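First comes the structure, then the notes that go with it.
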Amino acid sequence: MSERPAAAHSAPGRRTAPWLAAALSMGAYCLALALYGSYPFGLHSRAVNDLGNQFVPFHARLWDLLHGTTSGDLFFNWSSGYGVPFLADFFTYLMNPFSWLVGLFPRALTDLPVFLVTLFGIGLGAALMTVFLGRLREGSGPLRALLSVGYGLCAWVLNDGFADPMWMWGLVALPLTGIAADWCLRRTRWVAGTLLVALAWAGNFYTAAMATLAMALVLVVRLLTAAAMPWSARLRALARAASMALTGILLAAPVLTVTLAASRAAQPAPAVSYDDRPSPLDQWARLLPGGHPEAPVPNISIGVLGLLLVAAFPFVRAVPLLVRAGWCALAAGVAASFVQEPTILLWHGFALPNGSPYRAAFVLSGILVMISWLALAHRPRLRELAAGAAAVALLAWLCRDRGAVGTDTWILLAGGGVPALLGLAALGRSRSSRTRAAALAVLTGTVVLGSAYAALSATAARGAIAWFQPKITFTGPSLTAREGLLARADWPRSRTDPGPHEFADNDPLLIGGEGGSYYSSFAPAVTARTLRGLGAGWYMRGRHTLSFEDPVGRALMGVGSYLSPVPGHRALFTPHPALPAPLLTVRDALPRRPAGEETVFARQERVLGAAVYEVPALTPTAGEAPLRDRGGWLLPGAQRPGTVADGAGAKGAGAKGAGTKGAGTKGAGTKGGAPDRAGAPGAGTTFTVRCTPGSTALWYVPWFSGEVSGLGRRTTGTGSRDVTANPLRILGRVPADGTVAVRFTGRGRQHVPERAVGCLSGRKLTAAVHALRARGPVELAAAGHRLTARLRPGSKGSAVLALPAVPGWGCSVDGGPLHAPHSFGGLPAVPLGPGATRLSCSYLPPGLYTGLAASGAAALALAVVAASGTTRGRWRLRLTTPRRTHHDKPTDL
């Protein structure tokens, strides 16, 4: 059968169609948020889960960098984790070009530009998809724009991408790489296509990798189904695409090499497995608009209009059979790859995400939009559209009992399907311009209102989830806390610690100061293990570190003041002074780590350089009789039938709310108290120790889940080996009789170390800190990624820096060569020669030089190709332009 002609289109339509797609998609999304009352159109905060915990704080950090109000730079972050690398975080979370809009707004309005990153990502993704659809097949610009709205507001955006602004660049990267691949097919613009690939990968390499893989598959299908194209030309197009992709990726190489090195040095995430593959009906149900699945499934819906055309595509006889078969096989293959562990690994960089395993679902939404356009561009007949509508109806009936199909689904199908079908039928049969204009208006209204309703439905469903409580970002309490921190800032003489992390998981980035809280996929293993080894707590197996809550830990990290929460009041704080040691201390000799296992009290004393604790053994005196266990006691605890207690709480307990971002997304539960997975609380066991009256008793059982009470204070442990670790916490002041009774009431069977309680002498701690200050530097500067100090005369031994010894530091003594410091208790230690006077340390992100070298080579190759193309063009112009002789005369026109 001969192919019917595509719908007529005008040059102005081609130029305005991308703008139309952007305007309609962004308008529909804003309409949905306004109807719900979501920020910035209402009081409902958007800062849920990682959006509030990571991305708003990281954008606040970017604001500080742009305005020069922070002590760090792109290489190093002095604020978080008591000093951590930053470039990998920047490349991963802040390289979306729209993120840089944050610098145009006041810092207190950071939530607004973070919202704009999502909004503009929707608009630009829809606009570029409109352009790419025109490259795929020519046709009506407004119709391409309407289908692209379904891409810009696909279910992946509404359910996954909205909370991760960095991922929204993937929505842009897919059509960007598609346009570059199309130029390969047409053997043109290799340099421009390479730059598009580099732009896609630089903006967010994670989603760009998914987009590149998907567009490679699309290119293969286009080559295989191309009519009358020689195989040699197909192979040349593939080679051209491969060289373009490789060169473009190498141009963005620092993004990859730095993040790869940081990922290798990062604290491993909790182990995950792919065990719950959704059924075929659950997957098919997500083709339908609206609805919210009970279990994770790929979110791929593209709206009613796109769904009708996708369903009609196999029946459109104007499309050659080979083309129909190729595109249908592509969509089915990609859909199947989302639910097979080997291919899930392929889509996600060979690592199972800790969270939703379907982050690549947007590429299938894009492929479905391409299929819908191929159907519409061939002007399907009424019976072909009817067959598609029947297929949609059958799909809805088969999936009627699925969790993803709800009232919203039926409203969208009935309210949008009928006018969409009528509009498509009118476009295909009518020759009247007025009728076609009316049909286009009906389709436009259907798409915009349907997309807005789907976005409203998804937003309202999230708001109904109890644990999806928004974070406090830039409101009264956090702004007040920031003002208090700035008023007490004393960096680098001491740190001002935001404290216990009630606003977000990255409070130092959000409100300022220099604390231990840090939540990132690139949290260094050295940082996590050093801080926990010295008594700080953590979540997510160390990918979210916490500040110290004990006097010695704060002294070691040079904390001069900190914020403490008001009991019973969320996000209310009071400031407290602390006794800080200098950021740099000089020690005559560094004690070696003793053989065998140390207590946290011994580790702190070794790094402090003084004995400040009494650590007596626990003696059980009341309550449930504990059992002797290796190195301590085993509390029996009550246990629910059917539960398994491992002595440390359930593996997943104590971590924080489930979310969308895998590498940093946290499991079920809450920070304040672990879920009772290891059994009900037991009656408890009371232990007694004797210490010097007037000293301060502290308890440390990192993996304990339950209640700890004594000396008039009651605290809750949320430990869960080794996902959540309790910090070293103050129990109270030792009474006059020197007797400390502490009661451990565990959830299920819990292990309590024999020396879980230590008593701190305030007098000895004060003397130890003053001794360190006496040998501290005369001058100290710490800014950017450098630390410099002028030492006291006669300094010798080793200089110890109060920060985790992450790889990348190099130090020079008195202008000598740079050497990597060695580790002393997890802190960097630099050997000093006799009479050392100056110390200079700088941080270089591992992998940066390698990436810059690769980018330089790619840029050189690109320049050579561009220059050779220009030379060939000039020669071609000379060969094809006839020479004028003296016989030639100008002709008057």
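Residues in the structure tokens are named by chain (A, B, ... in the order shown) and by number from 1 within that chain; ligands are numbered from 1 in the order shown.
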
* To do: For Leu153 (chain A), list every protein, DNA or RNA residue within 7 Å, evaluated using only C-alpha atoms, and leave out those in the same chain fewer than 5 positions away; present the list as a ChimeraX atom specification.
  => /A:25,122,158,451

* Would you list the contacts of Thr685 (chain A) as a ChimeraX atom specification, taking every protein, DNA or RNA residue within 8 Å and counting only C-alpha atoms, but skipping same-chain residues closer than 2 positions in sequence? => /A:620-626,635,683,687,743-745

Deliver the residues from the most recent selection as a file, using all heavy atoms, as a short mmCIF file (atom, residue, chain, number, x, y, z; two decimals), in the first residue's frame.
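And here's out-v8.cif as it stands now:
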```cif
data_model
loop_
_atom_site.label_atom_id
_atom_site.label_comp_id
_atom_site.auth_asym_id
_atom_site.auth_seq_id
_atom_site.Cartn_x
_atom_site.Cartn_y
_atom_site.Cartn_z
N PRO A 620 25.11 -6.15 86.10
CA PRO A 620 23.64 -6.20 86.14
C PRO A 620 23.15 -6.27 87.58
O PRO A 620 23.65 -7.06 88.39
CB PRO A 620 23.32 -7.47 85.37
CG PRO A 620 24.55 -8.30 85.41
CD PRO A 620 25.70 -7.37 85.51
N THR A 621 22.15 -5.45 87.90
CA THR A 621 21.67 -5.40 89.28
C THR A 621 20.16 -5.53 89.41
O THR A 621 19.66 -5.81 90.50
CB THR A 621 22.08 -4.07 89.94
OG1 THR A 621 21.63 -2.97 89.13
CG2 THR A 621 23.60 -3.98 90.11
N ALA A 622 19.40 -5.35 88.34
CA ALA A 622 17.94 -5.44 88.45
C ALA A 622 17.35 -5.69 87.08
O ALA A 622 18.00 -5.54 86.05
CB ALA A 622 17.38 -4.15 89.07
N GLY A 623 16.06 -6.06 87.08
CA GLY A 623 15.34 -6.31 85.84
C GLY A 623 15.62 -7.68 85.27
O GLY A 623 16.04 -8.60 85.98
N GLU A 624 15.39 -7.84 83.99
CA GLU A 624 15.60 -9.12 83.33
C GLU A 624 17.06 -9.53 83.41
O GLU A 624 17.95 -8.70 83.21
CB GLU A 624 15.19 -9.04 81.85
CG GLU A 624 13.69 -8.87 81.63
CD GLU A 624 13.35 -8.83 80.15
OE1 GLU A 624 14.02 -8.09 79.42
OE2 GLU A 624 12.44 -9.55 79.73
N ALA A 625 17.28 -10.77 83.69
CA ALA A 625 18.65 -11.27 83.81
C ALA A 625 19.27 -11.38 82.43
O ALA A 625 18.77 -12.11 81.58
CB ALA A 625 18.66 -12.62 84.50
N PRO A 626 20.39 -10.67 82.18
CA PRO A 626 21.03 -10.77 80.86
C PRO A 626 21.89 -12.02 80.79
O PRO A 626 22.24 -12.62 81.80
CB PRO A 626 21.89 -9.50 80.80
CG PRO A 626 22.26 -9.26 82.23
CD PRO A 626 21.08 -9.70 83.06
N LEU A 635 20.75 -8.92 76.15
CA LEU A 635 19.46 -8.70 76.79
C LEU A 635 18.43 -9.59 76.11
O LEU A 635 18.31 -9.58 74.88
CB LEU A 635 19.03 -7.24 76.65
CG LEU A 635 20.02 -6.17 77.14
CD1 LEU A 635 19.38 -4.80 77.05
CD2 LEU A 635 20.49 -6.47 78.55
N ALA A 683 11.22 -5.96 79.34
CA ALA A 683 11.10 -5.31 80.64
C ALA A 683 12.33 -4.49 80.96
O ALA A 683 12.26 -3.56 81.77
CB ALA A 683 10.86 -6.36 81.72
N PHE A 687 21.87 -1.88 84.85
CA PHE A 687 23.28 -2.10 85.13
C PHE A 687 23.77 -0.98 86.04
O PHE A 687 23.26 0.15 86.00
CB PHE A 687 24.11 -2.12 83.86
CG PHE A 687 23.77 -3.24 82.92
CD1 PHE A 687 22.81 -3.07 81.92
CD2 PHE A 687 24.41 -4.47 83.01
CE1 PHE A 687 22.51 -4.09 81.04
CE2 PHE A 687 24.12 -5.50 82.13
CZ PHE A 687 23.17 -5.31 81.16
N ARG A 743 19.48 1.84 82.78
CA ARG A 743 18.56 0.77 82.38
C ARG A 743 18.47 0.72 80.86
O ARG A 743 18.19 1.72 80.20
CB ARG A 743 17.18 1.01 82.98
CG ARG A 743 16.20 -0.16 82.79
CD ARG A 743 14.89 0.12 83.51
NE ARG A 743 14.03 -1.05 83.55
CZ ARG A 743 14.11 -2.03 84.44
NH1 ARG A 743 15.05 -1.97 85.39
NH2 ARG A 743 13.28 -3.05 84.43
N PHE A 744 18.72 -0.46 80.29
CA PHE A 744 18.59 -0.70 78.86
C PHE A 744 17.35 -1.53 78.61
O PHE A 744 17.24 -2.66 79.12
CB PHE A 744 19.82 -1.44 78.32
CG PHE A 744 21.07 -0.61 78.29
CD1 PHE A 744 21.95 -0.60 79.37
CD2 PHE A 744 21.36 0.19 77.20
CE1 PHE A 744 23.10 0.16 79.36
CE2 PHE A 744 22.52 0.95 77.17
CZ PHE A 744 23.38 0.95 78.25
N THR A 745 16.41 -0.98 77.87
CA THR A 745 15.17 -1.68 77.53
C THR A 745 15.16 -1.85 76.02
O THR A 745 14.85 -0.91 75.27
CB THR A 745 13.94 -0.89 77.99
OG1 THR A 745 14.06 -0.61 79.39
CG2 THR A 745 12.67 -1.70 77.76
#
```

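With distances restricted to only C-alpha atoms, A:Thr692 is the closest residue to Arg733 (chain A) from A:Ser430, A:Ser148, A:Asn53, A:Thr692.
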
* For each of A:Leu147, A:Ala439, A:Pro18, A:Ala262, take the minimum atom-to-atom distance to Gly123 (chain A), counting only C-alpha atoms, then give the residue where this is smallest. =>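 Looking at the shortest contact to Gly123 (chain A), the residue is A:Pro18.
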
* Asked: Distance CA of Ser798 (chain A)-CA of Ala774 (chain A), one decimal place?
  ->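 Distance reported for this atom pair: 14.9 Å.
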
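Distances here use only C-alpha atoms; by that measure, the residue among A:Gly825, A:Gly428, A:Gly542, A:Gly355 closest to Pro594 (chain A) is A:Gly825.
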
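Shortest atom-to-atom contact with Tyr453 (chain A) among A:Leu287, A:Val304, A:Leu485, A:Ala611: A:Val304, counting only C-alpha atoms.
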
* Shortest interatomic distance to Arg137 (chain A) - which of A:Leu251, A:Ala269, A:Ala351, A:Ser372, counting only C-alpha atoms -> A:Ser372

* To do: Measure the distance from CA of Arg431 (chain A) to CA of Ala318 (chain A) in Å and round it to one decimal.
  =>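 The value is 19.1 Å.
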
* Asked: Quick one: residues within 6 Å of region 828-842 of chain A, only C-alpha atoms counted, chain neighbours fewer than 2 positions away excluded, as a list in words?
  ->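 Once the nearby chain positions are removed, what remains is His785, Arg786, Leu787, Thr788, Ala789, Arg790, Leu791, Gly794, Ser795, Lys796, Gly797, Ser798, Ala799, Val800, Leu801, Ala805, Trp809, Gly810, Cys811, Ser812, Val813, Asp814, Pro821, His822, Ser823 and Phe824 of chain A.
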
* **Spatial neighbours of Gly784 (chain A), 10 Å, only C-alpha atoms, chain gap at least 4 places, as a ChimeraX atom specification** => /A:70-78,842-843

Store the residues of this selection in a file with all heavy atoms, as a compact mmCIF listing (two decimals), in the first residue's frame.
```txt
# COMPACT_ATOMS: atom_id res chain seq x y z
N THR A 70 31.01 31.51 51.48
CA THR A 70 31.36 30.25 52.13
C THR A 70 32.87 30.10 52.17
O THR A 70 33.59 30.69 51.35
CB THR A 70 30.73 29.05 51.41
OG1 THR A 70 31.07 27.85 52.09
CG2 THR A 70 31.23 28.95 49.97
N SER A 71 33.34 29.30 53.12
CA SER A 71 34.78 29.13 53.27
C SER A 71 35.36 28.14 52.28
O SER A 71 36.57 28.12 52.05
CB SER A 71 35.10 28.66 54.70
OG SER A 71 34.37 27.48 55.00
N GLY A 72 34.55 27.30 51.69
CA GLY A 72 35.05 26.30 50.76
C GLY A 72 34.98 26.76 49.32
O GLY A 72 34.76 27.93 49.01
N ASP A 73 35.17 25.81 48.40
CA ASP A 73 35.08 26.09 46.98
C ASP A 73 34.55 24.85 46.27
O ASP A 73 34.00 23.95 46.92
CB ASP A 73 36.42 26.56 46.42
CG ASP A 73 37.54 25.54 46.61
OD1 ASP A 73 37.25 24.38 46.98
OD2 ASP A 73 38.72 25.89 46.38
N LEU A 74 34.73 24.79 44.95
CA LEU A 74 34.24 23.64 44.20
C LEU A 74 34.97 22.35 44.58
O LEU A 74 34.42 21.26 44.44
CB LEU A 74 34.38 23.88 42.70
CG LEU A 74 33.38 24.84 42.06
CD1 LEU A 74 33.68 25.00 40.59
CD2 LEU A 74 31.95 24.34 42.24
N PHE A 75 36.21 22.46 45.04
CA PHE A 75 36.98 21.27 45.36
C PHE A 75 36.67 20.70 46.74
O PHE A 75 36.64 19.49 46.92
CB PHE A 75 38.47 21.57 45.28
CG PHE A 75 39.01 21.68 43.88
CD1 PHE A 75 38.17 21.64 42.78
CD2 PHE A 75 40.37 21.84 43.66
CE1 PHE A 75 38.67 21.74 41.50
CE2 PHE A 75 40.88 21.94 42.37
CZ PHE A 75 40.03 21.90 41.30
N PHE A 76 36.46 21.60 47.71
CA PHE A 76 36.34 21.11 49.09
C PHE A 76 35.26 21.87 49.84
O PHE A 76 35.07 23.07 49.64
CB PHE A 76 37.67 21.27 49.83
CG PHE A 76 37.81 20.37 51.02
CD1 PHE A 76 38.06 19.02 50.86
CD2 PHE A 76 37.67 20.85 52.32
CE1 PHE A 76 38.17 18.17 51.95
CE2 PHE A 76 37.78 20.02 53.42
CZ PHE A 76 38.03 18.67 53.23
N ASN A 77 34.56 21.14 50.70
CA ASN A 77 33.46 21.65 51.48
C ASN A 77 33.84 21.56 52.96
O ASN A 77 33.84 20.47 53.55
CB ASN A 77 32.20 20.82 51.17
CG ASN A 77 31.05 21.10 52.11
OD1 ASN A 77 31.05 22.08 52.84
ND2 ASN A 77 30.06 20.23 52.09
N TRP A 78 34.16 22.69 53.56
CA TRP A 78 34.54 22.71 54.97
C TRP A 78 33.33 22.60 55.89
O TRP A 78 33.49 22.39 57.09
CB TRP A 78 35.29 24.00 55.30
CG TRP A 78 36.66 24.09 54.72
CD1 TRP A 78 37.05 24.81 53.63
CD2 TRP A 78 37.84 23.44 55.20
NE1 TRP A 78 38.38 24.65 53.40
CE2 TRP A 78 38.90 23.80 54.36
CE3 TRP A 78 38.10 22.58 56.26
CZ2 TRP A 78 40.20 23.36 54.53
CZ3 TRP A 78 39.40 22.13 56.45
CH2 TRP A 78 40.43 22.51 55.60
N SER A 842 46.86 21.35 50.65
CA SER A 842 45.85 21.63 49.62
C SER A 842 45.19 20.33 49.21
O SER A 842 45.78 19.26 49.32
CB SER A 842 46.48 22.32 48.40
OG SER A 842 47.46 21.49 47.81
N TYR A 843 43.95 20.47 48.71
CA TYR A 843 43.17 19.29 48.32
C TYR A 843 42.96 19.30 46.82
O TYR A 843 42.56 20.33 46.24
CB TYR A 843 41.82 19.29 49.04
CG TYR A 843 40.97 18.10 48.64
CD1 TYR A 843 41.20 16.85 49.20
CD2 TYR A 843 39.99 18.23 47.67
CE1 TYR A 843 40.46 15.75 48.80
CE2 TYR A 843 39.25 17.14 47.27
CZ TYR A 843 39.48 15.91 47.84
OH TYR A 843 38.75 14.82 47.44
```

* **Shell around Val612 (chain A) at 8 Å using only C-alpha atoms, local window under 3 positions removed, as an MDAnalysis selection string** => chainID A and resid 605 760:762 764:765

With all heavy atoms retained, export the selected residues as an mmCIF file, in the first residue's frame.
```cif
data_model
loop_
_atom_site.group_PDB
_atom_site.id
_atom_site.type_symbol
_atom_site.label_atom_id
_atom_site.label_comp_id
_atom_site.auth_asym_id
_atom_site.auth_seq_id
_atom_site.Cartn_x
_atom_site.Cartn_y
_atom_site.Cartn_z
ATOM 1 N N GLU A 605 40.428 9.170 73.638
ATOM 2 C CA GLU A 605 41.580 9.560 74.463
ATOM 3 C C GLU A 605 42.869 9.513 73.659
ATOM 4 O O GLU A 605 43.732 10.389 73.805
ATOM 5 C CB GLU A 605 41.687 8.641 75.681
ATOM 6 C CG GLU A 605 40.596 8.879 76.721
ATOM 7 C CD GLU A 605 40.736 7.965 77.927
ATOM 8 O OE1 GLU A 605 41.285 6.846 77.752
ATOM 9 O OE2 GLU A 605 40.303 8.346 79.019
ATOM 10 N N LEU A 760 33.222 11.021 82.192
ATOM 11 C CA LEU A 760 34.153 12.038 81.718
ATOM 12 C C LEU A 760 34.457 13.054 82.815
ATOM 13 O O LEU A 760 33.545 13.605 83.444
ATOM 14 C CB LEU A 760 33.554 12.750 80.504
ATOM 15 C CG LEU A 760 34.297 13.974 79.975
ATOM 16 C CD1 LEU A 760 35.655 13.575 79.410
ATOM 17 C CD2 LEU A 760 33.451 14.679 78.918
ATOM 18 N N SER A 761 35.742 13.306 83.016
ATOM 19 C CA SER A 761 36.177 14.341 83.946
ATOM 20 C C SER A 761 36.273 15.663 83.198
ATOM 21 O O SER A 761 37.112 15.823 82.297
ATOM 22 C CB SER A 761 37.533 13.982 84.553
ATOM 23 O OG SER A 761 38.079 15.092 85.239
ATOM 24 N N GLY A 762 35.427 16.608 83.542
ATOM 25 C CA GLY A 762 35.463 17.909 82.891
ATOM 26 C C GLY A 762 36.770 18.627 83.133
ATOM 27 O O GLY A 762 37.282 19.326 82.251
ATOM 28 N N LYS A 764 39.783 17.286 83.576
ATOM 29 C CA LYS A 764 40.837 16.699 82.746
ATOM 30 C C LYS A 764 40.656 17.084 81.279
ATOM 31 O O LYS A 764 41.645 17.326 80.572
ATOM 32 C CB LYS A 764 40.845 15.185 82.901
ATOM 33 C CG LYS A 764 41.272 14.697 84.287
ATOM 34 C CD LYS A 764 41.269 13.183 84.350
ATOM 35 C CE LYS A 764 41.711 12.683 85.725
ATOM 36 N NZ LYS A 764 41.679 11.196 85.818
ATOM 37 N N LEU A 765 39.411 17.144 80.816
ATOM 38 C CA LEU A 765 39.177 17.542 79.426
ATOM 39 C C LEU A 765 39.619 18.981 79.203
ATOM 40 O O LEU A 765 40.266 19.295 78.195
ATOM 41 C CB LEU A 765 37.701 17.380 79.066
ATOM 42 C CG LEU A 765 37.296 17.868 77.665
ATOM 43 C CD1 LEU A 765 38.064 17.104 76.588
ATOM 44 C CD2 LEU A 765 35.792 17.725 77.456
#
```

* Structure fact -> Restricting to only C-alpha atoms, whichever of A:Pro580, A:Gly847, A:Pro524, A:Gly463 is closest to Val84 (chain A) is A:Pro524

* Give the alpha helix (DSSP H) residues of region 313-416 of chain A, as assigned by DSSP on the backbone, as a ChimeraX atom specification. => /A:321-337,341-347,361-377,382-398,407-416

For region 221-281 of chain A against region 325-332 of chain A, with a cut-off of 8 Å and counting only C-alpha atoms, what is the closest atom pair and its distance in Å to one decimal for every residue that makes the cut, ordered by chain and number, as JSON lines?
```
{"residue": "A:Val221", "atom": "CA", "partner": "A:Gly326", "partner_atom": "CA", "distance": 6.0}
{"residue": "A:Leu224", "atom": "CA", "partner": "A:Gly326", "partner_atom": "CA", "distance": 7.9}
{"residue": "A:Thr225", "atom": "CA", "partner": "A:Gly326", "partner_atom": "CA", "distance": 6.9}
```

* Quick one: everything within 12 Å of Val552 (chain A), counting only C-alpha atoms, minus sequence neighbours fewer than 4 positions away in the same chain. Send it as a PyMOL selection string. => chain A and resi 534-536+548+556-560+578-581+600-613+696+698+728-730+758-762+764-766+768-769

Surrounding residues of Trp156 (chain A) excluding itself and chain neighbours under 6 positions, 9 Å, only C-alpha atoms, as a PDB file with C-alpha atoms, in the first residue's frame:
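Once everything was written out, this is selection_11.pdb:
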```
ATOM      1  CA  PHE A 162       9.938  15.979  40.394  1.00  0.00           C
ATOM      2  CA  PRO A 298       8.058   1.729  35.855  1.00  0.00           C
ATOM      3  CA  ASN A 299       6.143   5.017  35.491  1.00  0.00           C
ATOM      4  CA  ILE A 300       5.715   5.345  31.720  1.00  0.00           C
ATOM      5  CA  SER A 301       2.287   6.901  31.038  1.00  0.00           C
ATOM      6  CA  ARG A 359      14.770   5.456  37.161  1.00  0.00           C
ATOM      7  CA  ALA A 360      15.252   4.930  33.426  1.00  0.00           C
ATOM      8  CA  ALA A 361      11.503   4.787  32.767  1.00  0.00           C
ATOM      9  CA  PHE A 362      11.534   8.217  31.093  1.00  0.00           C
ATOM     10  CA  SER A 365       8.029   7.305  27.746  1.00  0.00           C
TER      11      SER A 365
END
```

* Where in region 383-614 of chain A does DSSP assign strand (DSSP E or B), given as a list in words? ->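 Matching residues for strand (DSSP E or B) in region 383-614 of chain A are Arg495, Thr496, Asp497, Tyr518, Tyr519, Pro524, Trp538, Tyr539, His544, Thr545, Val559, Gly560, Ser561, Tyr562, Leu563, Ser564, Pro565, Phe573, Thr574, Pro575, His576, Pro577, Leu584, Thr585, Val586, Arg587, Tyr613 and Glu614 of chain A.
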
Dump N, CA and C atoms for the selected residues as a JSON list (two decimals), in the first residue's frame?
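Writing done, so here's result_5.json:
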```
[["chain", "number", "residue", "atom", "x", "y", "z"],
["A", 495, "ARG", "N", 34.76, 25.73, 65.04],
["A", 495, "ARG", "CA", 33.59, 25.42, 64.23],
["A", 495, "ARG", "C", 32.32, 25.83, 64.97],
["A", 496, "THR", "N", 31.32, 26.23, 64.18],
["A", 496, "THR", "CA", 29.98, 26.49, 64.70],
["A", 496, "THR", "C", 29.07, 25.40, 64.14],
["A", 497, "ASP", "N", 28.71, 24.44, 64.96],
["A", 497, "ASP", "CA", 28.03, 23.23, 64.51],
["A", 497, "ASP", "C", 26.51, 23.42, 64.56],
["A", 518, "TYR", "N", 26.06, 15.25, 57.04],
["A", 518, "TYR", "CA", 26.38, 15.19, 55.61],
["A", 518, "TYR", "C", 25.67, 13.99, 55.03],
["A", 519, "TYR", "N", 24.86, 14.23, 54.01],
["A", 519, "TYR", "CA", 24.11, 13.17, 53.35],
["A", 519, "TYR", "C", 24.35, 13.27, 51.85],
["A", 524, "PRO", "N", 32.41, 10.05, 51.93],
["A", 524, "PRO", "CA", 33.60, 9.20, 51.92],
["A", 524, "PRO", "C", 33.56, 8.15, 53.02],
["A", 538, "TRP", "N", 25.37, 7.68, 62.71],
["A", 538, "TRP", "CA", 25.14, 7.75, 61.27],
["A", 538, "TRP", "C", 23.81, 7.09, 60.93],
["A", 539, "TYR", "N", 23.34, 7.38, 59.71],
["A", 539, "TYR", "CA", 22.21, 6.70, 59.09],
["A", 539, "TYR", "C", 22.69, 6.11, 57.76],
["A", 544, "HIS", "N", 24.88, 8.94, 55.51],
["A", 544, "HIS", "CA", 24.44, 10.16, 56.17],
["A", 544, "HIS", "C", 25.11, 10.21, 57.53],
["A", 545, "THR", "N", 26.13, 11.04, 57.64],
["A", 545, "THR", "CA", 26.86, 11.16, 58.90],
["A", 545, "THR", "C", 26.21, 12.23, 59.77],
["A", 559, "VAL", "N", 34.79, 22.25, 67.78],
["A", 559, "VAL", "CA", 33.47, 22.87, 67.82],
["A", 559, "VAL", "C", 33.42, 23.87, 68.97],
["A", 560, "GLY", "N", 33.27, 25.17, 68.66],
["A", 560, "GLY", "CA", 33.22, 26.20, 69.68],
["A", 560, "GLY", "C", 31.83, 26.51, 70.16],
["A", 561, "SER", "N", 30.81, 26.24, 69.32],
["A", 561, "SER", "CA", 29.42, 26.41, 69.72],
["A", 561, "SER", "C", 28.56, 25.51, 68.85],
["A", 562, "TYR", "N", 27.39, 25.19, 69.36],
["A", 562, "TYR", "CA", 26.50, 24.30, 68.63],
["A", 562, "TYR", "C", 25.06, 24.61, 69.01],
["A", 563, "LEU", "N", 24.14, 24.14, 68.17],
["A", 563, "LEU", "CA", 22.72, 24.29, 68.44],
["A", 563, "LEU", "C", 22.19, 22.99, 69.02],
["A", 564, "SER", "N", 21.33, 23.12, 70.02],
["A", 564, "SER", "CA", 20.74, 21.95, 70.67],
["A", 564, "SER", "C", 19.21, 22.07, 70.59],
["A", 565, "PRO", "N", 18.50, 21.01, 70.29],
["A", 565, "PRO", "CA", 17.04, 21.11, 70.14],
["A", 565, "PRO", "C", 16.34, 21.28, 71.48],
["A", 573, "PHE", "N", 15.61, 25.58, 68.67],
["A", 573, "PHE", "CA", 16.98, 25.31, 69.11],
["A", 573, "PHE", "C", 17.45, 26.37, 70.09],
["A", 574, "THR", "N", 18.39, 25.96, 70.93],
["A", 574, "THR", "CA", 19.09, 26.90, 71.80],
["A", 574, "THR", "C", 20.59, 26.74, 71.56],
["A", 575, "PRO", "N", 21.33, 27.85, 71.55],
["A", 575, "PRO", "CA", 22.79, 27.77, 71.33],
["A", 575, "PRO", "C", 23.51, 27.38, 72.61],
["A", 576, "HIS", "N", 24.63, 26.70, 72.46],
["A", 576, "HIS", "CA", 25.46, 26.29, 73.59],
["A", 576, "HIS", "C", 26.92, 26.52, 73.24],
["A", 577, "PRO", "N", 27.72, 26.99, 74.19],
["A", 577, "PRO", "CA", 29.17, 27.07, 73.95],
["A", 577, "PRO", "C", 29.81, 25.71, 74.15],
["A", 584, "LEU", "N", 44.21, 22.77, 64.01],
["A", 584, "LEU", "CA", 45.51, 22.13, 63.81],
["A", 584, "LEU", "C", 46.21, 22.06, 65.16],
["A", 585, "THR", "N", 46.64, 20.86, 65.51],
["A", 585, "THR", "CA", 47.38, 20.69, 66.77],
["A", 585, "THR", "C", 48.72, 20.03, 66.48],
["A", 586, "VAL", "N", 49.70, 20.32, 67.32],
["A", 586, "VAL", "CA", 51.05, 19.77, 67.15],
["A", 586, "VAL", "C", 51.30, 18.78, 68.29],
["A", 587, "ARG", "N", 51.69, 17.56, 67.94],
["A", 587, "ARG", "CA", 51.96, 16.52, 68.95],
["A", 587, "ARG", "C", 53.42, 16.08, 68.83],
["A", 613, "TYR", "N", 38.67, 9.73, 80.79],
["A", 613, "TYR", "CA", 37.51, 8.90, 81.11],
["A", 613, "TYR", "C", 37.84, 7.89, 82.21],
["A", 614, "GLU", "N", 36.81, 7.53, 82.95],
["A", 614, "GLU", "CA", 36.77, 6.29, 83.71],
["A", 614, "GLU", "C", 35.80, 5.38, 82.97]]
```
